[in-house]
file model00.pdb (PDB, C-alpha atoms)
ATOM      1  CA  LYS A 798     153.234 117.926  84.597
ATOM      2  CA  VAL A 799     151.901 117.563  88.167
ATOM      3  CA  ILE A 800     148.257 117.149  89.124
ATOM      4  CA  LEU A 801     146.582 116.955  92.520
ATOM      5  CA  VAL A 802     143.407 114.853  92.501
ATOM      6  CA  GLU A 803     141.389 115.431  95.667
ATOM      7  CA  TYR A 804     138.605 113.002  96.569
ATOM      8  CA  SER A 805     136.310 114.806  98.961
ATOM      9  CA  ASP A 806     132.968 114.767 100.767
ATOM     10  CA  THR A 807     131.291 118.080 101.563
ATOM     11  CA  GLU A 808     129.902 116.680 104.836
ATOM     12  CA  CYS A 809     133.311 115.469 106.014
ATOM     13  CA  PRO A 810     134.782 117.626 108.805
ATOM     14  CA  PHE A 811     138.305 116.525 107.834
ATOM     15  CA  CYS A 812     137.688 117.670 104.256
ATOM     16  CA  ALA A 813     136.591 121.041 105.646
ATOM     17  CA  ARG A 814     139.807 121.199 107.688
ATOM     18  CA  LEU A 815     141.911 120.528 104.582
ATOM     19  CA  GLN A 816     140.401 123.404 102.588
ATOM     20  CA  PRO A 817     142.573 126.241 103.992
ATOM     21  CA  THR A 818     145.648 124.152 103.148
ATOM     22  CA  MET A 819     144.395 123.486  99.619
ATOM     23  CA  LYS A 820     143.577 127.163  99.155
ATOM     24  CA  GLN A 821     147.143 128.079 100.126
ATOM     25  CA  ILE A 822     148.586 125.331  97.895
ATOM     26  CA  LYS A 823     146.481 126.506  94.932
ATOM     27  CA  ALA A 824     147.639 130.091  95.433
ATOM     28  CA  GLU A 825     151.302 129.074  95.582
ATOM     29  CA  TYR A 826     151.321 126.406  92.864
ATOM     30  CA  ALA A 827     148.637 127.613  90.427
ATOM     31  CA  SER A 828     151.166 127.988  87.604
ATOM     32  CA  LYS A 829     152.895 124.635  88.240
ATOM     33  CA  VAL A 830     150.173 122.208  89.316
ATOM     34  CA  GLY A 831     146.763 121.203  88.001
ATOM     35  CA  PHE A 832     143.944 120.621  90.478
ATOM     36  CA  VAL A 833     141.072 118.146  90.146
ATOM     37  CA  TYR A 834     138.207 117.825  92.626
ATOM     38  CA  ARG A 835     136.507 114.410  92.665
ATOM     39  CA  TYR A 836     133.367 113.383  94.506
ATOM     40  CA  PHE A 837     133.585 110.703  97.172
ATOM     41  CA  PRO A 838     130.528 111.077  99.420
ATOM     42  CA  LEU A 839     130.685 108.739 102.395
ATOM     43  CA  THR A 840     126.957 108.112 102.512
ATOM     44  CA  GLN A 841     127.182 105.529 105.290
ATOM     45  CA  ILE A 842     128.146 108.279 107.763
ATOM     46  CA  HIS A 843     127.163 111.433 105.838
ATOM     47  CA  PRO A 844     123.579 110.925 104.649
ATOM     48  CA  GLY A 845     123.298 114.156 102.664
ATOM     49  CA  ALA A 846     126.704 113.985 101.017
ATOM     50  CA  PHE A 847     125.567 112.356  97.776
ATOM     51  CA  GLU A 848     122.975 115.060  97.122
ATOM     52  CA  GLU A 849     125.484 117.771  98.013
ATOM     53  CA  ALA A 850     127.947 116.253  95.543
ATOM     54  CA  ARG A 851     125.215 116.370  92.899
ATOM     55  CA  ALA A 852     124.591 120.035  93.720
ATOM     56  CA  VAL A 853     128.317 120.797  93.368
ATOM     57  CA  HIS A 854     128.411 118.977  90.038
ATOM     58  CA  CYS A 855     125.306 120.797  88.809
ATOM     59  CA  VAL A 856     126.685 124.206  89.793
ATOM     60  CA  GLY A 857     129.639 123.358  87.541
ATOM     61  CA  VAL A 858     127.352 122.258  84.711
ATOM     62  CA  VAL A 859     125.196 125.369  84.959
ATOM     63  CA  SER A 860     127.837 128.015  85.732
ATOM     64  CA  GLY A 861     131.287 126.602  84.949
ATOM     65  CA  LYS A 862     134.279 125.273  86.846
ATOM     66  CA  GLU A 863     135.227 128.553  88.531
ATOM     67  CA  LYS A 864     131.736 128.941  90.001
ATOM     68  CA  ARG A 865     131.887 125.272  91.043
ATOM     69  CA  ALA A 866     135.110 125.967  92.933
ATOM     70  CA  GLU A 867     133.495 129.000  94.587
ATOM     71  CA  TYR A 868     130.517 126.862  95.577
ATOM     72  CA  ILE A 869     132.749 124.171  97.118
ATOM     73  CA  ALA A 870     134.644 126.862  99.059
ATOM     74  CA  ALA A 871     131.366 128.457 100.209
ATOM     75  CA  ILE A 872     130.038 125.104 101.434
ATOM     76  CA  PHE A 873     133.158 124.383 103.448
ATOM     77  CA  ASP A 874     133.394 127.968 104.739
ATOM     78  CA  GLU A 875     129.848 127.792 106.036
ATOM     79  CA  LYS A 876     130.342 124.389 107.662
ATOM     80  CA  THR A 877     133.722 124.991 109.298
ATOM     81  CA  GLY A 878     133.483 124.593 113.048
ATOM     82  CA  LYS A 879     129.888 123.370 113.004
ATOM     83  CA  GLN A 880     128.633 120.024 114.291
ATOM     84  CA  ASN A 881     125.932 119.539 111.664
ATOM     85  CA  MET A 882     127.590 119.191 108.278
ATOM     86  CA  THR A 883     124.339 118.499 106.366
ATOM     87  CA  PHE A 884     122.607 121.166 104.277
ATOM     88  CA  THR A 885     118.906 121.133 103.504
ATOM     89  CA  PRO A 886     117.935 121.329  99.817
ATOM     90  CA  ASP A 887     116.831 124.930 100.410
ATOM     91  CA  ARG A 888     120.233 125.825 101.892
ATOM     92  CA  LYS A 889     122.125 124.265  98.956
ATOM     93  CA  GLU A 890     120.005 126.243  96.508
ATOM     94  CA  ALA A 891     120.268 129.491  98.484
ATOM     95  CA  LEU A 892     124.045 129.198  98.615
ATOM     96  CA  ALA A 893     124.188 128.618  94.854
ATOM     97  CA  ARG A 894     121.752 131.475  94.205
ATOM     98  CA  GLY A 895     123.949 133.743  96.354
ATOM     99  CA  LEU A 896     126.815 132.986  93.966
ATOM    100  CA  GLY A 897     124.700 133.930  90.949
ATOM    101  CA  VAL A 898     123.806 130.413  89.809
ATOM    102  CA  ASN A 899     120.536 130.186  87.871
ATOM    103  CA  GLU A 900     118.185 128.361  90.245
ATOM    104  CA  SER A 901     115.868 126.845  87.637
ATOM    105  CA  GLU A 902     118.811 125.470  85.655
ATOM    106  CA  LEU A 903     120.332 124.085  88.854
ATOM    107  CA  LYS A 904     117.049 122.352  89.769
ATOM    108  CA  ALA A 905     116.744 120.915  86.252
ATOM    109  CA  CYS A 906     120.263 119.485  86.472
ATOM    110  CA  MET A 907     119.560 118.064  89.940
ATOM    111  CA  ALA A 908     116.413 116.374  88.600
ATOM    112  CA  ASP A 909     118.408 114.718  85.809
ATOM    113  CA  GLN A 910     119.674 111.255  86.752
ATOM    114  CA  ALA A 911     122.835 111.897  84.740
ATOM    115  CA  SER A 912     124.113 113.971  87.653
ATOM    116  CA  SER A 913     123.784 110.916  89.920
ATOM    117  CA  GLN A 914     125.791 108.843  87.461
ATOM    118  CA  VAL A 915     128.650 111.362  87.511
ATOM    119  CA  ILE A 916     128.880 111.009  91.305
ATOM    120  CA  THR A 917     128.599 107.211  91.172
ATOM    121  CA  ASP A 918     131.356 107.075  88.543
ATOM    122  CA  SER A 919     133.592 109.322  90.663
ATOM    123  CA  ILE A 920     133.099 107.042  93.671
ATOM    124  CA  ALA A 921     133.937 103.982  91.551
ATOM    125  CA  ASP A 922     137.103 105.700  90.259
ATOM    126  CA  GLY A 923     138.101 106.515  93.835
ATOM    127  CA  VAL A 924     137.555 102.952  95.014
ATOM    128  CA  LYS A 925     139.591 101.671  92.054
ATOM    129  CA  ALA A 926     142.385 104.126  92.954
ATOM    130  CA  GLY A 927     142.391 102.916  96.558
ATOM    131  CA  VAL A 928     140.487 105.697  98.339
ATOM    132  CA  GLN A 929     139.318 104.446 101.720
ATOM    133  CA  GLY A 930     138.258 107.707 103.315
ATOM    134  CA  THR A 931     138.205 111.429 102.779
ATOM    135  CA  PRO A 932     139.986 113.591 102.089
ATOM    136  CA  ALA A 933     142.319 111.598  99.868
ATOM    137  CA  THR A 934     144.596 113.618  97.609
ATOM    138  CA  PHE A 935     146.747 111.946  94.983
ATOM    139  CA  VAL A 936     149.854 113.695  93.682
ATOM    140  CA  LEU A 937     150.373 112.593  90.077
ATOM    141  CA  VAL A 938     153.202 113.170  87.614
ATOM    142  CA  LYS A 939     152.724 112.956  83.858
ATOM    143  CA  ASN A 940     154.653 110.260  82.015
ATOM    144  CA  LYS A 941     154.597 109.179  78.378
ATOM    145  CA  LYS A 942     151.531 106.939  78.833
ATOM    146  CA  GLY A 943     149.528 108.838  81.434
ATOM    147  CA  TYR A 944     150.293 109.584  85.067
ATOM    148  CA  ASP A 945     152.234 107.983  87.912
ATOM    149  CA  VAL A 946     151.115 108.331  91.516
ATOM    150  CA  VAL A 947     153.925 109.994  93.463
ATOM    151  CA  SER A 948     152.072 110.001  96.763
ATOM    152  CA  LEU A 949     148.727 109.805  98.481
ATOM    153  CA  VAL A 950     148.058 112.529 101.021
ATOM    154  CA  ASP A 951     145.389 111.015 103.222
ATOM    155  CA  GLY A 952     143.444 113.042 105.720
ATOM    156  CA  ALA A 953     143.595 116.710 106.635
ATOM    157  CA  ARG A 954     147.354 117.093 106.530
ATOM    158  CA  PRO A 955     149.062 120.405 107.250
ATOM    159  CA  TYR A 956     150.306 122.699 104.514
ATOM    160  CA  GLU A 957     153.957 121.641 104.952
ATOM    161  CA  PHE A 958     153.060 117.989 104.378
ATOM    162  CA  VAL A 959     151.141 118.684 101.153
ATOM    163  CA  LYS A 960     153.843 121.096  99.969
ATOM    164  CA  ALA A 961     156.533 118.449 100.497
ATOM    165  CA  ALA A 962     154.567 115.920  98.415
ATOM    166  CA  ILE A 963     154.219 118.471  95.596
ATOM    167  CA  GLU A 964     157.885 119.449  95.738
ATOM    168  CA  GLU A 965     158.837 115.769  95.493
ATOM    169  CA  ALA A 966     156.685 115.454  92.374
ATOM    170  CA  LEU A 967     158.099 118.623  90.798
TER     171      LEU A 967
END
call {"tool": "encode", "arguments": {"input": "model00.pdb", "output": "C-alpha coordinates"}}
result
Amino acid sequence: KVILVEYSDTECPFCARLQPTMKQIKAEYASKVGFVYRYFPLTQIHPGAFEEARAVHCVGVVSGKEKRAEYIAAIFDEKTGKQNMTFTPDRKEALARGLGVNESELKACMADQASSQVITDSIADGVKAGVQGTPATFVLVKNKKGYDVVSLVDGARPYEFVKAAIEEAL
(Lines of atoms letter the chains of each structure in order from A and count residues from 1; the text may use other names and numbers.)
(Lines give C-alpha, C1' and ligand atoms only; values in the text may rest on other atoms or scores of the structure.)
Protein backbone atom coordinates (compact mmCIF):
# COMPACT_ATOMS: atom_id res chain seq x y z
CA LYS A 1 0.00 0.00 0.00
CA VAL A 2 2.84 2.43 0.84
CA ILE A 3 6.16 2.64 -0.96
CA LEU A 4 9.23 4.76 -0.28
CA VAL A 5 11.21 5.58 -3.43
CA GLU A 6 14.64 6.93 -2.56
CA TYR A 7 16.69 8.69 -5.24
CA SER A 8 20.29 8.60 -4.10
CA ASP A 9 23.92 9.19 -5.06
CA THR A 10 26.60 7.08 -3.40
CA GLU A 11 29.04 10.02 -3.42
CA CYS A 12 26.57 12.36 -1.73
CA PRO A 13 27.43 13.06 1.93
CA PHE A 14 23.77 13.88 2.66
CA CYS A 15 22.72 10.50 1.25
CA ALA A 16 25.27 8.87 3.57
CA ARG A 17 23.77 10.81 6.49
CA LEU A 18 20.27 9.58 5.63
CA GLN A 19 21.25 5.89 5.67
CA PRO A 20 21.01 5.31 9.46
CA THR A 21 17.51 6.81 9.36
CA MET A 22 16.50 4.61 6.43
CA LYS A 23 17.93 1.55 8.16
CA GLN A 24 15.81 2.29 11.23
CA ILE A 25 12.72 2.98 9.08
CA LYS A 26 13.21 -0.29 7.18
CA ALA A 27 13.52 -2.23 10.44
CA GLU A 28 10.36 -0.67 11.87
CA TYR A 29 8.19 -0.66 8.74
CA ALA A 30 9.42 -3.72 6.81
CA SER A 31 6.01 -5.40 7.01
CA LYS A 32 4.02 -2.27 6.09
CA VAL A 33 6.11 -0.39 3.53
CA GLY A 34 7.90 -1.27 0.31
CA PHE A 35 11.31 0.26 -0.37
CA VAL A 36 12.77 1.19 -3.76
CA TYR A 37 16.29 2.53 -4.29
CA ARG A 38 16.74 4.61 -7.46
CA TYR A 39 19.95 5.95 -8.94
CA PHE A 40 20.43 9.70 -9.22
CA PRO A 41 24.17 10.36 -9.52
CA LEU A 42 24.95 14.06 -9.46
CA THR A 43 27.84 13.83 -11.88
CA GLN A 44 28.40 17.59 -12.04
CA ILE A 45 29.66 17.55 -8.43
CA HIS A 46 30.33 13.82 -7.88
CA PRO A 47 32.46 12.64 -10.81
CA GLY A 48 32.55 8.96 -9.85
CA ALA A 49 28.89 8.64 -8.91
CA PHE A 50 27.67 7.33 -12.27
CA GLU A 51 30.17 4.47 -12.26
CA GLU A 52 29.36 3.69 -8.63
CA ALA A 53 25.67 3.56 -9.52
CA ARG A 54 26.53 1.11 -12.31
CA ALA A 55 28.47 -1.02 -9.82
CA VAL A 56 25.49 -1.04 -7.43
CA HIS A 57 23.18 -2.03 -10.28
CA CYS A 58 25.55 -4.77 -11.42
CA VAL A 59 25.89 -6.20 -7.92
CA GLY A 60 22.09 -6.56 -7.99
CA VAL A 61 22.16 -8.19 -11.42
CA VAL A 62 24.89 -10.63 -10.44
CA SER A 63 23.89 -11.42 -6.84
CA GLY A 64 20.31 -10.27 -6.26
CA LYS A 65 18.51 -7.43 -4.51
CA GLU A 66 19.53 -8.39 -0.97
CA LYS A 67 23.22 -8.36 -1.89
CA ARG A 68 22.63 -5.04 -3.70
CA ALA A 69 21.20 -3.58 -0.49
CA GLU A 70 24.21 -4.90 1.46
CA TYR A 71 26.54 -3.33 -1.10
CA ILE A 72 24.79 0.06 -0.85
CA ALA A 73 25.02 -0.11 2.96
CA ALA A 74 28.70 -1.10 2.79
CA ILE A 75 29.49 1.82 0.47
CA PHE A 76 27.82 4.33 2.75
CA ASP A 77 29.29 2.75 5.90
CA GLU A 78 32.78 3.05 4.48
CA LYS A 79 32.29 6.65 3.34
CA THR A 80 30.57 8.03 6.44
CA GLY A 81 32.61 10.83 7.96
CA LYS A 82 35.15 10.92 5.14
CA GLN A 83 35.91 13.89 2.90
CA ASN A 84 36.59 11.89 -0.26
CA MET A 85 33.40 10.15 -1.29
CA THR A 86 34.84 8.67 -4.52
CA PHE A 87 35.88 5.02 -4.79
CA THR A 88 38.46 3.77 -7.26
CA PRO A 89 37.38 0.91 -9.54
CA ASP A 90 39.58 -1.43 -7.48
CA ARG A 91 37.85 -0.36 -4.25
CA LYS A 92 34.36 -0.89 -5.73
CA GLU A 93 35.34 -4.38 -6.85
CA ALA A 94 37.06 -5.25 -3.56
CA LEU A 95 33.99 -4.19 -1.59
CA ALA A 96 31.76 -6.33 -3.81
CA ARG A 97 34.18 -9.27 -3.61
CA GLY A 98 34.15 -8.94 0.19
CA LEU A 99 30.38 -9.47 0.06
CA GLY A 100 30.78 -12.62 -2.02
CA VAL A 101 29.94 -11.12 -5.41
CA ASN A 102 31.51 -12.95 -8.36
CA GLU A 103 34.14 -10.52 -9.66
CA SER A 104 34.23 -11.71 -13.27
CA GLU A 105 30.44 -11.51 -13.55
CA LEU A 106 30.50 -8.05 -11.99
CA LYS A 107 33.15 -6.87 -14.48
CA ALA A 108 31.17 -8.33 -17.39
CA CYS A 109 28.04 -6.47 -16.27
CA MET A 110 30.02 -3.24 -15.83
CA ALA A 111 31.40 -3.61 -19.37
CA ASP A 112 27.88 -3.96 -20.78
CA GLN A 113 26.39 -0.64 -21.88
CA ALA A 114 22.97 -1.82 -20.73
CA SER A 115 24.02 -1.02 -17.17
CA SER A 116 24.63 2.60 -18.21
CA GLN A 117 21.15 2.77 -19.71
CA VAL A 118 19.56 1.62 -16.45
CA ILE A 119 21.26 4.52 -14.62
CA THR A 120 20.37 7.03 -17.34
CA ASP A 121 16.73 5.88 -17.25
CA SER A 122 16.65 6.21 -13.45
CA ILE A 123 17.98 9.77 -13.69
CA ALA A 124 15.36 10.62 -16.32
CA ASP A 125 12.60 9.18 -14.10
CA GLY A 126 13.88 11.26 -11.18
CA VAL A 127 13.95 14.45 -13.23
CA LYS A 128 10.41 13.73 -14.46
CA ALA A 129 9.30 13.19 -10.83
CA GLY A 130 10.84 16.51 -9.79
CA VAL A 131 14.08 15.40 -8.10
CA GLN A 132 16.43 18.35 -7.85
CA GLY A 133 19.02 16.95 -5.48
CA THR A 134 19.81 13.96 -3.33
CA PRO A 135 18.61 12.34 -1.27
CA ALA A 136 15.02 12.68 -2.42
CA THR A 137 12.56 10.18 -0.99
CA PHE A 138 9.00 9.99 -2.23
CA VAL A 139 6.29 8.50 -0.03
CA LEU A 140 3.69 6.91 -2.30
CA VAL A 141 0.28 5.39 -1.61
CA LYS A 142 -1.35 2.87 -3.93
CA ASN A 143 -4.61 3.89 -5.58
CA LYS A 144 -6.76 2.14 -8.18
CA LYS A 145 -4.66 3.40 -11.12
CA GLY A 146 -1.16 3.45 -9.65
CA TYR A 147 0.32 5.57 -6.88
CA ASP A 148 -0.21 9.03 -5.41
CA VAL A 149 2.66 11.03 -3.96
CA VAL A 150 1.87 11.76 -0.32
CA SER A 151 5.09 13.64 0.34
CA LEU A 152 8.63 14.28 -0.77
CA VAL A 153 11.24 13.98 1.95
CA ASP A 154 14.13 16.01 0.60
CA GLY A 155 17.56 15.91 2.13
CA ALA A 156 18.93 14.00 5.10
CA ARG A 157 15.94 14.42 7.38
CA PRO A 158 15.85 12.93 10.87
CA TYR A 159 14.05 9.71 11.67
CA GLU A 160 11.04 11.49 13.22
CA PHE A 161 10.46 13.47 10.03
CA VAL A 162 10.52 10.38 7.78
CA LYS A 163 8.39 8.43 10.26
CA ALA A 164 5.76 11.19 10.28
CA ALA A 165 5.56 11.14 6.46
CA ILE A 166 5.08 7.35 6.51
CA GLU A 167 2.46 7.50 9.26
CA GLU A 168 0.55 10.10 7.24
CA ALA A 169 0.58 7.75 4.25
CA LEU A 170 -0.51 4.74 6.31
call {"tool": "residues_around", "arguments": {"input": "model00.pdb", "residues": "A:Tyr944", "least_positions_apart": "6", "cutoff": "10 Å", "atoms": "all atoms listed in the file", "output": "list in words"}}
result
Lys798, Val799, Ile800, Val936, Leu937 and Val938 of chain A
call {"tool": "write_last_selection", "arguments": {"input": "model00.pdb", "atoms": "C-alpha atoms", "output": "short mmCIF file (atom, residue, chain, number, x, y, z; two decimals), in the frame of the given file"}}
result
data_model
loop_
_atom_site.label_atom_id
_atom_site.label_comp_id
_atom_site.auth_asym_id
_atom_site.auth_seq_id
_atom_site.Cartn_x
_atom_site.Cartn_y
_atom_site.Cartn_z
CA LYS A 798 153.23 117.93 84.60
CA VAL A 799 151.90 117.56 88.17
CA ILE A 800 148.26 117.15 89.12
CA VAL A 936 149.85 113.70 93.68
CA LEU A 937 150.37 112.59 90.08
CA VAL A 938 153.20 113.17 87.61
#
call {"tool": "atom_distance", "arguments": {"input": "model00.pdb", "atom1": "atom CA of A:Arg865", "atom2": "atom CA of A:His843"}}
result
20.8 Å
call {"tool": "atom_distance", "arguments": {"input": "model00.pdb", "atom1": "atom CA of A:Ser860", "atom2": "atom CA of A:Gln821"}}
result
24.1 Å
call {"tool": "residues_near_point", "arguments": {"input": "model00.pdb", "point": "(136.9, 115.7, 100.3)", "cutoff": "8 Å", "atoms": "all atoms listed in the file", "output": "ChimeraX atom specification"}}
result
/A:803-807,809,811-813,835-838,931-933
call {"tool": "axis_aligned_box", "arguments": {"input": "model00.pdb", "around": "stretch 846-863 of chain A", "padding_each_side": "6 Å", "output": "AutoDock Vina command-line options"}}
result
--center_x 129.1 --center_y 120.5 --center_z 92.9 --size_x 24.3 --size_y 28.2 --size_z 28.3
call {"tool": "closest_residue", "arguments": {"input": "model00.pdb", "among": "A:Ile822, A:Leu903, A:Pro886, A:Ala891", "to": "A:Ala962", "atoms": "all atoms listed in the file"}}
result
A:Ile822
call {"tool": "residues_around", "arguments": {"input": "model00.pdb", "residues": "A:Phe935", "least_positions_apart": "2", "cutoff": "6 Å", "atoms": "all atoms listed in the file", "output": "VMD selection string"}}
result
chain A and resid 801 to 802 948 to 949
call {"tool": "decode", "arguments": {"input": "model00.pdb", "residues": "stretch 843-859 of chain A", "atoms": "all heavy atoms", "output": "mmCIF file, in the first residue's frame"}}
result
data_model
loop_
_atom_site.group_PDB
_atom_site.id
_atom_site.type_symbol
_atom_site.label_atom_id
_atom_site.label_comp_id
_atom_site.auth_asym_id
_atom_site.auth_seq_id
_atom_site.Cartn_x
_atom_site.Cartn_y
_atom_site.Cartn_z
ATOM 1 N N HIS A 843 29.825 15.126 -8.338
ATOM 2 C CA HIS A 843 30.328 13.824 -7.882
ATOM 3 C C HIS A 843 30.773 13.018 -9.100
ATOM 4 O O HIS A 843 29.998 12.214 -9.634
ATOM 5 C CB HIS A 843 29.251 13.076 -7.096
ATOM 6 C CG HIS A 843 28.722 13.831 -5.930
ATOM 7 N ND1 HIS A 843 27.390 13.848 -5.595
ATOM 8 C CD2 HIS A 843 29.341 14.612 -5.008
ATOM 9 C CE1 HIS A 843 27.213 14.604 -4.525
ATOM 10 N NE2 HIS A 843 28.388 15.079 -4.166
ATOM 11 N N PRO A 844 32.010 13.214 -9.531
ATOM 12 C CA PRO A 844 32.463 12.641 -10.807
ATOM 13 C C PRO A 844 32.448 11.117 -10.897
ATOM 14 O O PRO A 844 32.308 10.573 -11.987
ATOM 15 C CB PRO A 844 33.886 13.181 -10.968
ATOM 16 C CG PRO A 844 34.297 13.616 -9.602
ATOM 17 C CD PRO A 844 33.049 13.991 -8.867
ATOM 18 N N GLY A 845 32.550 10.418 -9.789
ATOM 19 C CA GLY A 845 32.550 8.963 -9.847
ATOM 20 C C GLY A 845 31.202 8.336 -9.571
ATOM 21 O O GLY A 845 31.063 7.105 -9.583
ATOM 22 N N ALA A 846 30.192 9.155 -9.347
ATOM 23 C CA ALA A 846 28.893 8.642 -8.913
ATOM 24 C C ALA A 846 28.193 7.785 -9.961
ATOM 25 O O ALA A 846 27.528 6.811 -9.612
ATOM 26 C CB ALA A 846 27.984 9.803 -8.492
ATOM 27 N N PHE A 847 28.334 8.121 -11.232
ATOM 28 C CA PHE A 847 27.674 7.333 -12.267
ATOM 29 C C PHE A 847 28.235 5.917 -12.297
ATOM 30 O O PHE A 847 27.474 4.941 -12.332
ATOM 31 C CB PHE A 847 27.825 8.003 -13.642
ATOM 32 C CG PHE A 847 26.932 7.408 -14.693
ATOM 33 C CD1 PHE A 847 25.670 7.931 -14.908
ATOM 34 C CD2 PHE A 847 27.338 6.325 -15.464
ATOM 35 C CE1 PHE A 847 24.823 7.388 -15.872
ATOM 36 C CE2 PHE A 847 26.511 5.773 -16.434
ATOM 37 C CZ PHE A 847 25.254 6.311 -16.643
ATOM 38 N N GLU A 848 29.553 5.800 -12.237
ATOM 39 C CA GLU A 848 30.174 4.469 -12.256
ATOM 40 C C GLU A 848 29.852 3.689 -10.980
ATOM 41 O O GLU A 848 29.700 2.472 -11.022
ATOM 42 C CB GLU A 848 31.680 4.578 -12.470
ATOM 43 C CG GLU A 848 32.042 4.992 -13.887
ATOM 44 C CD GLU A 848 31.445 4.063 -14.948
ATOM 45 O OE1 GLU A 848 31.646 2.841 -14.853
ATOM 46 O OE2 GLU A 848 30.775 4.567 -15.874
ATOM 47 N N GLU A 849 29.755 4.385 -9.862
ATOM 48 C CA GLU A 849 29.360 3.689 -8.627
ATOM 49 C C GLU A 849 27.926 3.197 -8.730
ATOM 50 O O GLU A 849 27.612 2.091 -8.276
ATOM 51 C CB GLU A 849 29.547 4.594 -7.412
ATOM 52 C CG GLU A 849 30.997 4.737 -7.024
ATOM 53 C CD GLU A 849 31.212 5.506 -5.737
ATOM 54 O OE1 GLU A 849 30.280 5.589 -4.909
ATOM 55 O OE2 GLU A 849 32.331 6.014 -5.553
ATOM 56 N N ALA A 850 27.052 3.993 -9.332
ATOM 57 C CA ALA A 850 25.666 3.558 -9.522
ATOM 58 C C ALA A 850 25.626 2.315 -10.410
ATOM 59 O O ALA A 850 24.872 1.373 -10.140
ATOM 60 C CB ALA A 850 24.831 4.688 -10.125
ATOM 61 N N ARG A 851 26.450 2.299 -11.442
ATOM 62 C CA ARG A 851 26.528 1.112 -12.306
ATOM 63 C C ARG A 851 26.997 -0.100 -11.508
ATOM 64 O O ARG A 851 26.476 -1.205 -11.679
ATOM 65 C CB ARG A 851 27.471 1.360 -13.488
ATOM 66 C CG ARG A 851 26.892 2.300 -14.518
ATOM 67 C CD ARG A 851 27.830 2.509 -15.694
ATOM 68 N NE ARG A 851 27.946 1.268 -16.443
ATOM 69 C CZ ARG A 851 29.025 0.914 -17.119
ATOM 70 N NH1 ARG A 851 30.095 1.676 -17.137
ATOM 71 N NH2 ARG A 851 29.050 -0.223 -17.796
ATOM 72 N N ALA A 852 27.981 0.093 -10.642
ATOM 73 C CA ALA A 852 28.472 -1.017 -9.819
ATOM 74 C C ALA A 852 27.361 -1.535 -8.912
ATOM 75 O O ALA A 852 27.175 -2.754 -8.783
ATOM 76 C CB ALA A 852 29.684 -0.583 -9.003
ATOM 77 N N VAL A 853 26.604 -0.627 -8.301
ATOM 78 C CA VAL A 853 25.489 -1.039 -7.434
ATOM 79 C C VAL A 853 24.474 -1.836 -8.248
ATOM 80 O O VAL A 853 24.032 -2.912 -7.824
ATOM 81 C CB VAL A 853 24.820 0.192 -6.768
ATOM 82 C CG1 VAL A 853 23.512 -0.194 -6.092
ATOM 83 C CG2 VAL A 853 25.773 0.853 -5.774
ATOM 84 N N HIS A 854 24.129 -1.319 -9.412
ATOM 85 C CA HIS A 854 23.176 -2.026 -10.278
ATOM 86 C C HIS A 854 23.702 -3.420 -10.622
ATOM 87 O O HIS A 854 22.971 -4.410 -10.537
ATOM 88 C CB HIS A 854 22.923 -1.223 -11.554
ATOM 89 C CG HIS A 854 22.203 -1.992 -12.600
ATOM 90 N ND1 HIS A 854 20.871 -2.332 -12.474
ATOM 91 C CD2 HIS A 854 22.631 -2.531 -13.775
ATOM 92 C CE1 HIS A 854 20.503 -3.042 -13.534
ATOM 93 N NE2 HIS A 854 21.557 -3.174 -14.333
ATOM 94 N N CYS A 855 24.972 -3.492 -11.002
ATOM 95 C CA CYS A 855 25.547 -4.770 -11.425
ATOM 96 C C CYS A 855 25.658 -5.767 -10.274
ATOM 97 O O CYS A 855 25.481 -6.967 -10.488
ATOM 98 C CB CYS A 855 26.894 -4.540 -12.099
ATOM 99 S SG CYS A 855 26.702 -3.844 -13.776
ATOM 100 N N VAL A 856 25.907 -5.297 -9.069
ATOM 101 C CA VAL A 856 25.887 -6.204 -7.916
ATOM 102 C C VAL A 856 24.502 -6.828 -7.803
ATOM 103 O O VAL A 856 24.359 -8.037 -7.571
ATOM 104 C CB VAL A 856 26.301 -5.491 -6.614
ATOM 105 C CG1 VAL A 856 25.942 -6.319 -5.389
ATOM 106 C CG2 VAL A 856 27.799 -5.190 -6.626
ATOM 107 N N GLY A 857 23.457 -6.023 -8.012
ATOM 108 C CA GLY A 857 22.094 -6.555 -7.986
ATOM 109 C C GLY A 857 21.833 -7.557 -9.089
ATOM 110 O O GLY A 857 21.196 -8.585 -8.867
ATOM 111 N N VAL A 858 22.337 -7.275 -10.283
ATOM 112 C CA VAL A 858 22.164 -8.185 -11.420
ATOM 113 C C VAL A 858 22.855 -9.513 -11.143
ATOM 114 O O VAL A 858 22.292 -10.582 -11.363
ATOM 115 C CB VAL A 858 22.708 -7.550 -12.727
ATOM 116 C CG1 VAL A 858 22.799 -8.577 -13.843
ATOM 117 C CG2 VAL A 858 21.847 -6.376 -13.147
ATOM 118 N N VAL A 859 24.072 -9.436 -10.645
ATOM 119 C CA VAL A 859 24.893 -10.630 -10.438
ATOM 120 C C VAL A 859 24.462 -11.428 -9.203
ATOM 121 O O VAL A 859 24.432 -12.648 -9.238
ATOM 122 C CB VAL A 859 26.389 -10.232 -10.323
ATOM 123 C CG1 VAL A 859 27.250 -11.388 -9.863
ATOM 124 C CG2 VAL A 859 26.894 -9.676 -11.647
#
